[in-house]
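This report refers to the structure that appears directly beneath it.
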Amino acid sequence: EAGAPPPAVAEEIADAIDPGDYAHVAAVETNGPYVNFRPSPRYYAGTLEAATDESYGRLDRKDESVVVEHTSANPTGPVHVGRARNPIIGDAIARLLDFAGYDVARHYYVNDAGRQIATFTWAYETFDESTLPDPERDQAEYDLVRYYRAGTTFLEDDDLGDVAAPDATVEEAETEIESIMQGLEDGDPHTYERVAAVVDDVLAGMEASLARLPAEFDAFVKETRFMRSPPEGVAPPDGEGTWVESLIDRLRDLEVAVYEEGAWQLDLPDIDKNLVFLRSDGTSLYATRDLAHHEWKFEQFDRAVTVLGEDHRLQADQVETTLDLLGHDTDQLEQVFYSWVNLPEGGMSTREGTGVDLDDLLDEAVSRAREEVENRLGDRIRDDDLNEADVERIARQVGIGAVRYDVVATQPTKGITFRWEAALDFEAQSAPYVQYVHARCCGILAEAEESPVSDVDPALLDTAAERDLLEVLARFPAVIEEAADALE
């Protein structure tokens with residue numbers, strides 16, 4: 001636009017700025033195409049004064065709401081370790097956006113209307129608990145997942161082992177499962193009660209496991225909410241029927257809607273696979289209900305952030321493209337994709353046929369941390385300076401901190417393999433190291449019997465190391481702003 005080489009434009013900008021007009025600027029210099037501003041003593045003094053406030057770095061409140069949807073694992077059993085990244089990334093992003101001044105809501109979207117849940121409901125009502133294997137933990141989701149595993153094994157015509165087969169054929173079971181799905185679609189209250197009896201208990205158990213991280217939620221939004229009639233305060237844009245019914249009518253009116261292979265589909269531009277939104281029997285699909293869910297989020301919030309596994313990219317592209325065709329501003333929607341969490345070979349035991357759950361990972365982290373804590377604090381434990389509760393608390397903070405730190409310190413799209421030695425290294429850049437530095441800082445203040453105060457003479461901080469530290473502190477609010485904008 002300037003019609004000149006970047007270095008010349010930089011010189012022109014620098015010449016136009018008088019540092020004397022700005023209390024925080026000592027000099028303006030150029031370096032090739034860049035304009036650099038040198039901070040003044042007042043800048044360092046202002047940073048020092050600001051940084052002694054406990055809220056330093058927290059940005060001003062914005063008149064903008066954001067819903068962060070994360071985890072949203074199907075309520076069919078415990079959270080698997082492969083998905084452990086989702087609640088950690090989601091919780092970190094929610095905390096970050098709150099710190100950056102946004103009005104944040106944390107949501108868990110509950111898939112309580114698909115075939116998996118119908119199968120789960122049928123199995124829970126059908127199998128004899130006395131013949132099921134013992135639950136792996138004394139938690140609701142571990143108790144109930146036994147029914148789901150027995151049901152899927154039966155439907156796949158596999159060996160049930162010691163589990164007693166139900167008094168039904170596979171064909172009869174399939175008919176009942178289809179009936180449950182249809183009952184949900186029709187808004188049948190009794191069917192909703194049957195499904196909720198399973199889903200709500202499993203969710204309560206999953207919520208307790210996630211709280212260990214901690215990852216907490218403001219709302220569990222069920223997909224059946226958009227299928228209910230009346231729609232429980234979530235009326236669709238045209239105010240007619242349920243939100244799913246309204247959406248299906250509008251999808252069928254789109255130019256890209258086609259009826260193929262016994263189902264209504266969208267032949268979306270630039271996407272290889274069609275989005276199927278209505279089966280021949282009149283039942284909707286997960287994608288249909290997710291579209292209704294997104295429309296509702298757009299009405300309720302200014303921004304919608306969703307944390308998704310990389311295997312959901314196609315579905316995410318289909319949803320975003322469809323929302324655009326429906327006339328929505330898809331700039332409201334931001335999606336963060338993550339790759340899987342892996343465990344080193346032989347790093348943890350795997351139970352036969354069930355894999356490794358989030359609880360297993362956290363137990364392992366706390367156990368390994370406890371060994372390290374006991375080795376480092378042995379004398380204090382023996383001298384009764386620390387009791388058993390202290391050791392357990394420190395082990396939990398260090399172990400779970402190590403898991404969280406390893407997850408957020410790696411770009412979400414890169415795979416993670418836990419290396420316990422690195423994650424729990426007190427000397428390297430790791431959670432224990434950061435926690436140890438924090439403890440040292442607290443110790444220094446306690447030893448000095450002082451709290452940070454604002455009436456410090458900044459002229460006393462005149463060494464290069466002190467100025468470097470002030471420059472790092474000064475960048476903190478900008479880093480918060482950049483991280484919130486990039487969701488990183």
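So you can find residues: chains in the structure tokens are A, B, ... in the order shown, residues in each start at 1, and ligands are numbered from 1 in order.
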
- Item | Non-local contacts of range 459-465 of chain A (9 Å; only C-alpha atoms; under 6 positions in same chain excluded) as number ranges by chain | A: 41, 44-45

Export, as a compact mmCIF listing (two decimals), in the first residue's frame, the selected residues with N, CA, C and O atoms.
# COMPACT_ATOMS: atom_id res chain seq x y z
N PRO A 41 12.56 3.95 31.82
CA PRO A 41 12.50 3.61 33.26
C PRO A 41 11.06 3.58 33.78
O PRO A 41 10.72 2.78 34.65
N TYR A 44 9.52 0.20 33.21
CA TYR A 44 9.92 -0.81 34.20
C TYR A 44 9.22 -0.58 35.53
O TYR A 44 8.77 -1.51 36.19
N ALA A 45 9.11 0.72 35.91
CA ALA A 45 8.44 1.04 37.17
C ALA A 45 6.96 0.64 37.12
O ALA A 45 6.43 0.07 38.07

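Closest approach to Glu392 in chain A among A:Leu323, A:Ala369, A:Val66, A:Leu285 is made by A:Ala369 (distances from only C-alpha atoms).
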
I'd like the neighbourhood of range 201-215 of chain A as a compact mmCIF listing (two decimals) with all heavy atoms, in the first residue's frame, where a residue qualifies if any of its atoms comes within 10 Å (using only C-alpha atoms), though same-chain residues fewer than 4 positions away should be ignored.
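Saved as out-v7.txt:
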# COMPACT_ATOMS: atom_id res chain seq x y z
N HIS A 70 -16.23 -29.53 25.83
CA HIS A 70 -15.12 -30.48 25.78
C HIS A 70 -15.49 -31.80 26.45
O HIS A 70 -16.53 -31.93 27.07
CB HIS A 70 -13.85 -29.88 26.40
CG HIS A 70 -13.92 -29.65 27.88
ND1 HIS A 70 -13.65 -30.62 28.80
CD2 HIS A 70 -14.17 -28.52 28.60
CE1 HIS A 70 -13.74 -30.12 30.02
NE2 HIS A 70 -14.07 -28.84 29.94
N THR A 71 -14.64 -32.76 26.28
CA THR A 71 -14.78 -34.14 26.75
C THR A 71 -15.91 -34.85 25.99
O THR A 71 -15.66 -35.57 25.03
CB THR A 71 -14.98 -34.24 28.26
OG1 THR A 71 -13.95 -33.49 28.92
CG2 THR A 71 -14.91 -35.68 28.74
N ALA A 73 -17.49 -37.42 26.05
CA ALA A 73 -17.36 -38.85 25.74
C ALA A 73 -18.71 -39.53 25.89
O ALA A 73 -19.51 -39.17 26.75
CB ALA A 73 -16.34 -39.50 26.67
N ASN A 74 -18.98 -40.53 25.04
CA ASN A 74 -20.25 -41.24 25.12
C ASN A 74 -20.42 -41.86 26.52
O ASN A 74 -19.49 -42.47 27.04
CB ASN A 74 -20.31 -42.35 24.07
CG ASN A 74 -20.48 -41.80 22.68
OD1 ASN A 74 -20.80 -40.63 22.50
ND2 ASN A 74 -20.23 -42.63 21.68
N PRO A 75 -21.60 -41.71 27.12
CA PRO A 75 -21.82 -42.24 28.48
C PRO A 75 -22.09 -43.74 28.46
O PRO A 75 -23.16 -44.21 28.86
CB PRO A 75 -23.04 -41.44 28.96
CG PRO A 75 -23.79 -41.14 27.71
CD PRO A 75 -22.76 -40.96 26.63
N THR A 76 -21.10 -44.49 28.00
CA THR A 76 -21.24 -45.95 27.97
C THR A 76 -20.25 -46.64 28.90
O THR A 76 -20.22 -47.86 28.97
CB THR A 76 -21.02 -46.48 26.53
OG1 THR A 76 -19.76 -45.99 26.05
CG2 THR A 76 -22.13 -46.02 25.61
N GLY A 77 -19.40 -45.86 29.60
CA GLY A 77 -18.43 -46.45 30.51
C GLY A 77 -17.36 -45.44 30.87
O GLY A 77 -17.49 -44.25 30.57
N PRO A 78 -16.29 -45.88 31.53
CA PRO A 78 -15.23 -44.98 31.99
C PRO A 78 -14.57 -44.22 30.84
O PRO A 78 -14.56 -44.68 29.69
CB PRO A 78 -14.23 -45.93 32.66
CG PRO A 78 -15.01 -47.17 32.96
CD PRO A 78 -16.04 -47.29 31.90
N VAL A 79 -14.01 -43.04 31.16
CA VAL A 79 -13.25 -42.26 30.19
C VAL A 79 -11.95 -42.99 29.88
O VAL A 79 -11.19 -43.33 30.78
CB VAL A 79 -12.94 -40.85 30.72
CG1 VAL A 79 -12.17 -40.04 29.68
CG2 VAL A 79 -14.23 -40.13 31.11
N ALA A 84 -7.96 -38.78 27.20
CA ALA A 84 -7.64 -37.99 28.39
C ALA A 84 -7.22 -36.56 28.05
O ALA A 84 -7.31 -35.66 28.88
CB ALA A 84 -6.53 -38.68 29.19
N ASN A 86 -8.66 -34.55 25.98
CA ASN A 86 -9.79 -33.65 25.75
C ASN A 86 -10.16 -32.84 26.99
O ASN A 86 -10.21 -31.61 26.92
CB ASN A 86 -10.98 -34.47 25.24
CG ASN A 86 -12.03 -33.61 24.58
OD1 ASN A 86 -12.36 -32.54 25.07
ND2 ASN A 86 -12.58 -34.07 23.48
N PRO A 87 -10.43 -33.46 28.14
CA PRO A 87 -10.81 -32.65 29.30
C PRO A 87 -9.69 -31.75 29.79
O PRO A 87 -9.96 -30.67 30.33
CB PRO A 87 -11.17 -33.70 30.36
CG PRO A 87 -10.51 -34.96 29.93
CD PRO A 87 -10.50 -34.91 28.44
N ILE A 88 -8.43 -32.16 29.61
CA ILE A 88 -7.32 -31.33 30.08
C ILE A 88 -7.18 -30.10 29.20
O ILE A 88 -7.05 -28.96 29.69
CB ILE A 88 -6.01 -32.14 30.13
CG1 ILE A 88 -6.13 -33.25 31.18
CG2 ILE A 88 -4.83 -31.24 30.44
CD1 ILE A 88 -4.97 -34.23 31.19
N ILE A 89 -7.20 -30.29 27.88
CA ILE A 89 -7.12 -29.16 26.96
C ILE A 89 -8.34 -28.26 27.15
O ILE A 89 -8.23 -27.03 27.23
CB ILE A 89 -7.02 -29.64 25.50
CG1 ILE A 89 -5.68 -30.33 25.25
CG2 ILE A 89 -7.20 -28.47 24.52
CD1 ILE A 89 -5.57 -31.00 23.90
N GLY A 90 -9.53 -28.87 27.21
CA GLY A 90 -10.75 -28.09 27.35
C GLY A 90 -10.77 -27.26 28.62
O GLY A 90 -11.13 -26.08 28.60
N ASP A 91 -10.38 -27.87 29.73
CA ASP A 91 -10.36 -27.15 31.00
C ASP A 91 -9.34 -26.02 30.97
O ASP A 91 -9.60 -24.91 31.47
CB ASP A 91 -10.05 -28.11 32.15
CG ASP A 91 -10.13 -27.44 33.50
OD1 ASP A 91 -11.25 -27.06 33.91
OD2 ASP A 91 -9.08 -27.27 34.15
N ALA A 92 -8.17 -26.26 30.37
CA ALA A 92 -7.12 -25.23 30.28
C ALA A 92 -7.60 -24.06 29.43
O ALA A 92 -7.39 -22.89 29.78
CB ALA A 92 -5.84 -25.84 29.71
N ALA A 94 -10.72 -23.16 28.87
CA ALA A 94 -11.78 -22.46 29.61
C ALA A 94 -11.17 -21.54 30.67
O ALA A 94 -11.61 -20.38 30.83
CB ALA A 94 -12.72 -23.46 30.25
N ARG A 106 -18.74 -23.85 30.66
CA ARG A 106 -18.12 -25.14 30.33
C ARG A 106 -19.21 -26.18 30.16
O ARG A 106 -19.93 -26.48 31.10
CB ARG A 106 -17.16 -25.56 31.45
CG ARG A 106 -16.01 -24.58 31.70
CD ARG A 106 -15.46 -24.72 33.12
NE ARG A 106 -14.27 -23.92 33.37
CZ ARG A 106 -14.27 -22.65 33.70
NH1 ARG A 106 -15.43 -21.99 33.83
NH2 ARG A 106 -13.14 -21.99 33.90
N TYR A 108 -20.62 -30.06 28.68
CA TYR A 108 -20.40 -31.45 28.27
C TYR A 108 -21.63 -31.84 27.46
O TYR A 108 -22.74 -31.84 27.97
CB TYR A 108 -20.26 -32.33 29.52
CG TYR A 108 -19.85 -33.77 29.32
CD1 TYR A 108 -18.72 -34.28 29.93
CD2 TYR A 108 -20.62 -34.63 28.56
CE1 TYR A 108 -18.34 -35.61 29.77
CE2 TYR A 108 -20.25 -35.96 28.39
CZ TYR A 108 -19.12 -36.44 29.00
OH TYR A 108 -18.76 -37.76 28.84
N VAL A 110 -23.93 -34.47 25.83
CA VAL A 110 -24.19 -35.86 26.16
C VAL A 110 -24.89 -36.57 25.00
O VAL A 110 -26.02 -36.21 24.63
CB VAL A 110 -25.06 -35.98 27.43
CG1 VAL A 110 -25.26 -37.44 27.81
CG2 VAL A 110 -24.43 -35.20 28.59
N ASP A 138 -15.30 -49.45 42.33
CA ASP A 138 -16.57 -49.21 43.00
C ASP A 138 -17.09 -47.83 42.58
O ASP A 138 -17.19 -46.90 43.40
CB ASP A 138 -16.39 -49.28 44.52
CG ASP A 138 -17.73 -49.17 45.25
OD1 ASP A 138 -18.77 -49.40 44.60
OD2 ASP A 138 -17.72 -48.85 46.45
N GLN A 139 -17.38 -47.70 41.28
CA GLN A 139 -17.94 -46.46 40.73
C GLN A 139 -19.03 -46.85 39.74
O GLN A 139 -18.97 -47.90 39.11
CB GLN A 139 -16.87 -45.63 40.02
CG GLN A 139 -15.83 -45.04 40.96
CD GLN A 139 -14.72 -44.31 40.22
OE1 GLN A 139 -13.56 -44.33 40.66
NE2 GLN A 139 -15.02 -43.69 39.10
N ALA A 140 -20.01 -45.96 39.58
CA ALA A 140 -21.20 -46.28 38.79
C ALA A 140 -20.87 -46.67 37.37
O ALA A 140 -21.43 -47.63 36.82
CB ALA A 140 -22.16 -45.09 38.81
N GLU A 141 -19.94 -45.92 36.72
CA GLU A 141 -19.69 -46.21 35.30
C GLU A 141 -18.99 -47.56 35.11
O GLU A 141 -19.19 -48.23 34.09
CB GLU A 141 -18.88 -45.07 34.65
CG GLU A 141 -17.41 -44.99 35.01
CD GLU A 141 -17.13 -44.19 36.27
OE1 GLU A 141 -17.93 -44.29 37.24
OE2 GLU A 141 -16.11 -43.49 36.30
N TYR A 142 -18.19 -47.97 36.11
CA TYR A 142 -17.54 -49.29 36.03
C TYR A 142 -18.55 -50.40 36.30
O TYR A 142 -18.42 -51.51 35.76
CB TYR A 142 -16.39 -49.36 37.03
CG TYR A 142 -15.21 -48.48 36.66
CD1 TYR A 142 -15.15 -47.16 37.07
CD2 TYR A 142 -14.16 -48.98 35.89
CE1 TYR A 142 -14.08 -46.34 36.73
CE2 TYR A 142 -13.08 -48.18 35.55
CZ TYR A 142 -13.05 -46.86 35.97
OH TYR A 142 -11.99 -46.06 35.62
N ASP A 143 -19.52 -50.11 37.14
CA ASP A 143 -20.57 -51.08 37.41
C ASP A 143 -21.45 -51.29 36.17
O ASP A 143 -21.68 -52.42 35.72
CB ASP A 143 -21.41 -50.57 38.59
CG ASP A 143 -22.59 -51.49 38.90
OD1 ASP A 143 -22.50 -52.70 38.61
OD2 ASP A 143 -23.60 -50.98 39.42
N LEU A 144 -21.91 -50.18 35.57
CA LEU A 144 -22.87 -50.27 34.48
C LEU A 144 -22.25 -50.69 33.16
O LEU A 144 -22.93 -51.29 32.32
CB LEU A 144 -23.59 -48.93 34.33
CG LEU A 144 -24.54 -48.57 35.49
CD1 LEU A 144 -25.01 -47.13 35.37
CD2 LEU A 144 -25.73 -49.51 35.52
N VAL A 145 -20.97 -50.39 32.95
CA VAL A 145 -20.36 -50.75 31.67
C VAL A 145 -20.36 -52.26 31.46
O VAL A 145 -20.29 -52.73 30.32
CB VAL A 145 -18.93 -50.18 31.57
CG1 VAL A 145 -17.95 -50.97 32.45
CG2 VAL A 145 -18.44 -50.19 30.11
N ALA A 196 -32.60 -42.50 30.67
CA ALA A 196 -31.99 -41.66 31.72
C ALA A 196 -31.53 -42.50 32.90
O ALA A 196 -30.54 -42.15 33.57
CB ALA A 196 -32.99 -40.60 32.18
N ALA A 197 -32.21 -43.61 33.18
CA ALA A 197 -31.82 -44.48 34.30
C ALA A 197 -30.40 -45.00 34.12
O ALA A 197 -29.68 -45.23 35.11
CB ALA A 197 -32.80 -45.65 34.41
N PHE A 220 -24.44 -30.17 31.67
CA PHE A 220 -24.43 -31.37 30.83
C PHE A 220 -25.64 -31.23 29.90
O PHE A 220 -26.78 -31.35 30.35
CB PHE A 220 -24.53 -32.63 31.69
CG PHE A 220 -23.27 -32.94 32.44
CD1 PHE A 220 -22.99 -32.31 33.65
CD2 PHE A 220 -22.36 -33.85 31.95
CE1 PHE A 220 -21.83 -32.58 34.34
CE2 PHE A 220 -21.20 -34.15 32.64
CZ PHE A 220 -20.92 -33.51 33.83
N ASP A 357 -7.97 -46.87 31.41
CA ASP A 357 -8.88 -45.76 31.62
C ASP A 357 -8.15 -44.56 32.22
O ASP A 357 -7.02 -44.68 32.71
CB ASP A 357 -10.02 -46.18 32.56
CG ASP A 357 -10.83 -47.33 31.98
OD1 ASP A 357 -11.13 -47.29 30.78
OD2 ASP A 357 -11.13 -48.28 32.73
N LEU A 358 -8.82 -43.41 32.18
CA LEU A 358 -8.25 -42.19 32.76
C LEU A 358 -7.89 -42.41 34.22
O LEU A 358 -6.83 -41.96 34.70
CB LEU A 358 -9.25 -41.04 32.63
CG LEU A 358 -8.88 -39.73 33.34
CD1 LEU A 358 -7.60 -39.13 32.76
CD2 LEU A 358 -10.03 -38.73 33.25
N ASP A 359 -8.75 -43.11 34.96
CA ASP A 359 -8.47 -43.38 36.37
C ASP A 359 -7.16 -44.16 36.53
O ASP A 359 -6.40 -43.92 37.48
CB ASP A 359 -9.62 -44.16 37.01
CG ASP A 359 -10.83 -43.29 37.28
OD1 ASP A 359 -10.65 -42.20 37.84
OD2 ASP A 359 -11.94 -43.69 36.92
N LEU A 362 -4.22 -41.72 36.09
CA LEU A 362 -4.04 -40.84 37.25
C LEU A 362 -3.52 -41.62 38.45
O LEU A 362 -2.67 -41.12 39.21
CB LEU A 362 -5.36 -40.13 37.58
CG LEU A 362 -5.92 -39.23 36.47
CD1 LEU A 362 -7.18 -38.52 36.94
CD2 LEU A 362 -4.88 -38.21 36.01
N ARG A 396 -0.46 -36.38 45.04
CA ARG A 396 -1.57 -36.14 44.13
C ARG A 396 -1.33 -34.88 43.30
O ARG A 396 -1.53 -34.87 42.08
CB ARG A 396 -2.88 -36.01 44.92
CG ARG A 396 -4.11 -35.91 44.03
CD ARG A 396 -5.39 -35.89 44.84
NE ARG A 396 -5.51 -34.70 45.67
CZ ARG A 396 -5.35 -34.67 46.99
NH1 ARG A 396 -5.07 -35.77 47.66
NH2 ARG A 396 -5.47 -33.53 47.66
N GLN A 397 -0.87 -33.81 43.95
CA GLN A 397 -0.61 -32.57 43.23
C GLN A 397 0.51 -32.74 42.20
O GLN A 397 0.41 -32.26 41.06
CB GLN A 397 -0.24 -31.45 44.21
CG GLN A 397 -1.43 -31.01 45.08
CD GLN A 397 -1.02 -30.03 46.17
OE1 GLN A 397 0.16 -29.93 46.51
NE2 GLN A 397 -1.99 -29.33 46.73
N ILE A 400 -0.75 -35.63 39.30
CA ILE A 400 -1.77 -35.14 38.36
C ILE A 400 -1.27 -33.88 37.66
O ILE A 400 -1.53 -33.67 36.47
CB ILE A 400 -3.10 -34.91 39.09
CG1 ILE A 400 -3.65 -36.27 39.56
CG2 ILE A 400 -4.11 -34.20 38.18
CD1 ILE A 400 -4.93 -36.20 40.34
N GLY A 401 -0.49 -33.07 38.36
CA GLY A 401 0.12 -31.90 37.72
C GLY A 401 1.02 -32.32 36.57
O GLY A 401 1.05 -31.67 35.52
N VAL A 403 0.71 -34.94 34.64
CA VAL A 403 -0.12 -35.34 33.49
C VAL A 403 -0.66 -34.12 32.78
O VAL A 403 -0.58 -33.99 31.55
CB VAL A 403 -1.27 -36.25 33.96
CG1 VAL A 403 -2.27 -36.50 32.82
CG2 VAL A 403 -0.73 -37.58 34.49
N ARG A 404 -1.23 -33.19 33.53
CA ARG A 404 -1.80 -31.97 32.92
C ARG A 404 -0.72 -31.19 32.18
O ARG A 404 -0.95 -30.72 31.06
CB ARG A 404 -2.44 -31.09 33.98
CG ARG A 404 -3.79 -31.56 34.46
CD ARG A 404 -4.45 -30.52 35.37
NE ARG A 404 -4.83 -29.33 34.63
CZ ARG A 404 -6.09 -28.91 34.49
NH1 ARG A 404 -7.09 -29.60 35.03
NH2 ARG A 404 -6.37 -27.82 33.83

- Note on the structure: Among A:Met181, A:Ala219, A:Leu326, A:Ala27, Ser246 in chain A is approached most closely, using only C-alpha atoms, by A:Leu326

- Task: Find the residues near Asp267 in chain A: any atom within 12 Å, counting only C-alpha atoms, skip ones fewer than 3 places away on the same chain, and give them as number ranges by chain.
- Result: A: 251-252, 254-260, 264, 270-277, 318, 321-322, 325

- CA of Ala164 in chain A to CA of Asn111 in chain A: how many Å, to one decimal? 28.5 Å

- Using DSSP on the backbone, list every residue of range 292-324 of chain A that comes out as strand (DSSP E or B), and give them as number ranges by chain. A: 303-309

Output file for the selection above: N, CA, C and O atoms, as an mmCIF file, in the first residue's frame:
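Ended up saving to result_31.cif:
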data_model
loop_
_atom_site.group_PDB
_atom_site.id
_atom_site.type_symbol
_atom_site.label_atom_id
_atom_site.label_comp_id
_atom_site.auth_asym_id
_atom_site.auth_seq_id
_atom_site.Cartn_x
_atom_site.Cartn_y
_atom_site.Cartn_z
ATOM 1 N N ARG A 303 -19.500 -16.852 21.144
ATOM 2 C CA ARG A 303 -18.509 -17.736 20.537
ATOM 3 C C ARG A 303 -18.748 -19.152 21.038
ATOM 4 O O ARG A 303 -19.192 -19.353 22.175
ATOM 5 N N ALA A 304 -18.437 -20.125 20.186
ATOM 6 C CA ALA A 304 -18.565 -21.534 20.572
ATOM 7 C C ALA A 304 -17.247 -22.238 20.248
ATOM 8 O O ALA A 304 -16.844 -22.315 19.088
ATOM 9 N N VAL A 305 -16.585 -22.729 21.282
ATOM 10 C CA VAL A 305 -15.312 -23.450 21.130
ATOM 11 C C VAL A 305 -15.568 -24.919 21.428
ATOM 12 O O VAL A 305 -16.194 -25.253 22.443
ATOM 13 N N THR A 306 -15.109 -25.797 20.535
ATOM 14 C CA THR A 306 -15.297 -27.231 20.723
ATOM 15 C C THR A 306 -13.955 -27.932 20.639
ATOM 16 O O THR A 306 -13.180 -27.676 19.712
ATOM 17 N N VAL A 307 -13.670 -28.806 21.599
ATOM 18 C CA VAL A 307 -12.436 -29.606 21.598
ATOM 19 C C VAL A 307 -12.791 -31.001 21.090
ATOM 20 O O VAL A 307 -13.654 -31.671 21.657
ATOM 21 N N LEU A 308 -12.123 -31.418 20.011
ATOM 22 C CA LEU A 308 -12.475 -32.666 19.339
ATOM 23 C C LEU A 308 -11.248 -33.505 19.038
ATOM 24 O O LEU A 308 -10.178 -32.968 18.739
ATOM 25 N N GLY A 309 -11.422 -34.828 19.063
ATOM 26 C CA GLY A 309 -10.370 -35.730 18.621
ATOM 27 C C GLY A 309 -10.180 -35.613 17.114
ATOM 28 O O GLY A 309 -11.111 -35.254 16.378
#

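Counting from CA of Leu184 in chain A, the distance to CA of Arg289 in chain A is 12.2 Å.
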
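Across the structure, CA of Tyr56 in chain A and CA of Ala100 in chain A are spaced 11.3 Å apart.
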
- Message: Which residues are near Lys222 in chain A? Cut-off 6 Å, only C-alpha atoms, ignore same chain within fewer than 2 positions. Put them as a VMD selection string.
- Response: chain A and resid 109 to 110 224 to 225

- Note on the structure: Using only C-alpha atoms, the residue out of A:Leu473, A:Ala123, A:Ala2, A:Val198 with shortest distance to Leu48 in chain A is A:Leu473

Report as a short mmCIF file (atom, residue, chain, number, x, y, z; two decimals) with N, CA, C and O atoms, in the first residue's frame all protein, DNA and RNA residues lying within 7 Å of Glu310 in chain A, evaluated on only C-alpha atoms, omitting residues in the same chain fewer than 6 positions from it.
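Heads up, here's the output in out29.cif:
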data_model
loop_
_atom_site.label_atom_id
_atom_site.label_comp_id
_atom_site.auth_asym_id
_atom_site.auth_seq_id
_atom_site.Cartn_x
_atom_site.Cartn_y
_atom_site.Cartn_z
N PHE A 337 -8.55 -29.38 17.60
CA PHE A 337 -8.39 -30.82 17.41
C PHE A 337 -7.15 -31.32 18.16
O PHE A 337 -6.15 -30.60 18.27
N TYR A 338 -7.24 -32.53 18.67
CA TYR A 338 -6.10 -33.09 19.40
C TYR A 338 -5.83 -34.52 18.91
O TYR A 338 -6.71 -35.21 18.41
N SER A 339 -4.58 -34.93 19.06
CA SER A 339 -4.18 -36.29 18.74
C SER A 339 -4.21 -37.12 20.02
O SER A 339 -4.48 -36.62 21.11
#

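If only C-alpha atoms are the atoms counted, then among A:Pro5, A:Lys62, A:Glu136, A:Val434 the closest residue to Val356 in chain A is A:Glu136.
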
- Query: What are the DSSP helix (DSSP H, G or I) residues of range 263-452 of chain A, as a VMD selection string?
  - Reply: chain A and resid 286 to 300 310 to 325 330 to 332 358 to 376 378 to 382 388 to 408 420 to 423 431 to 448
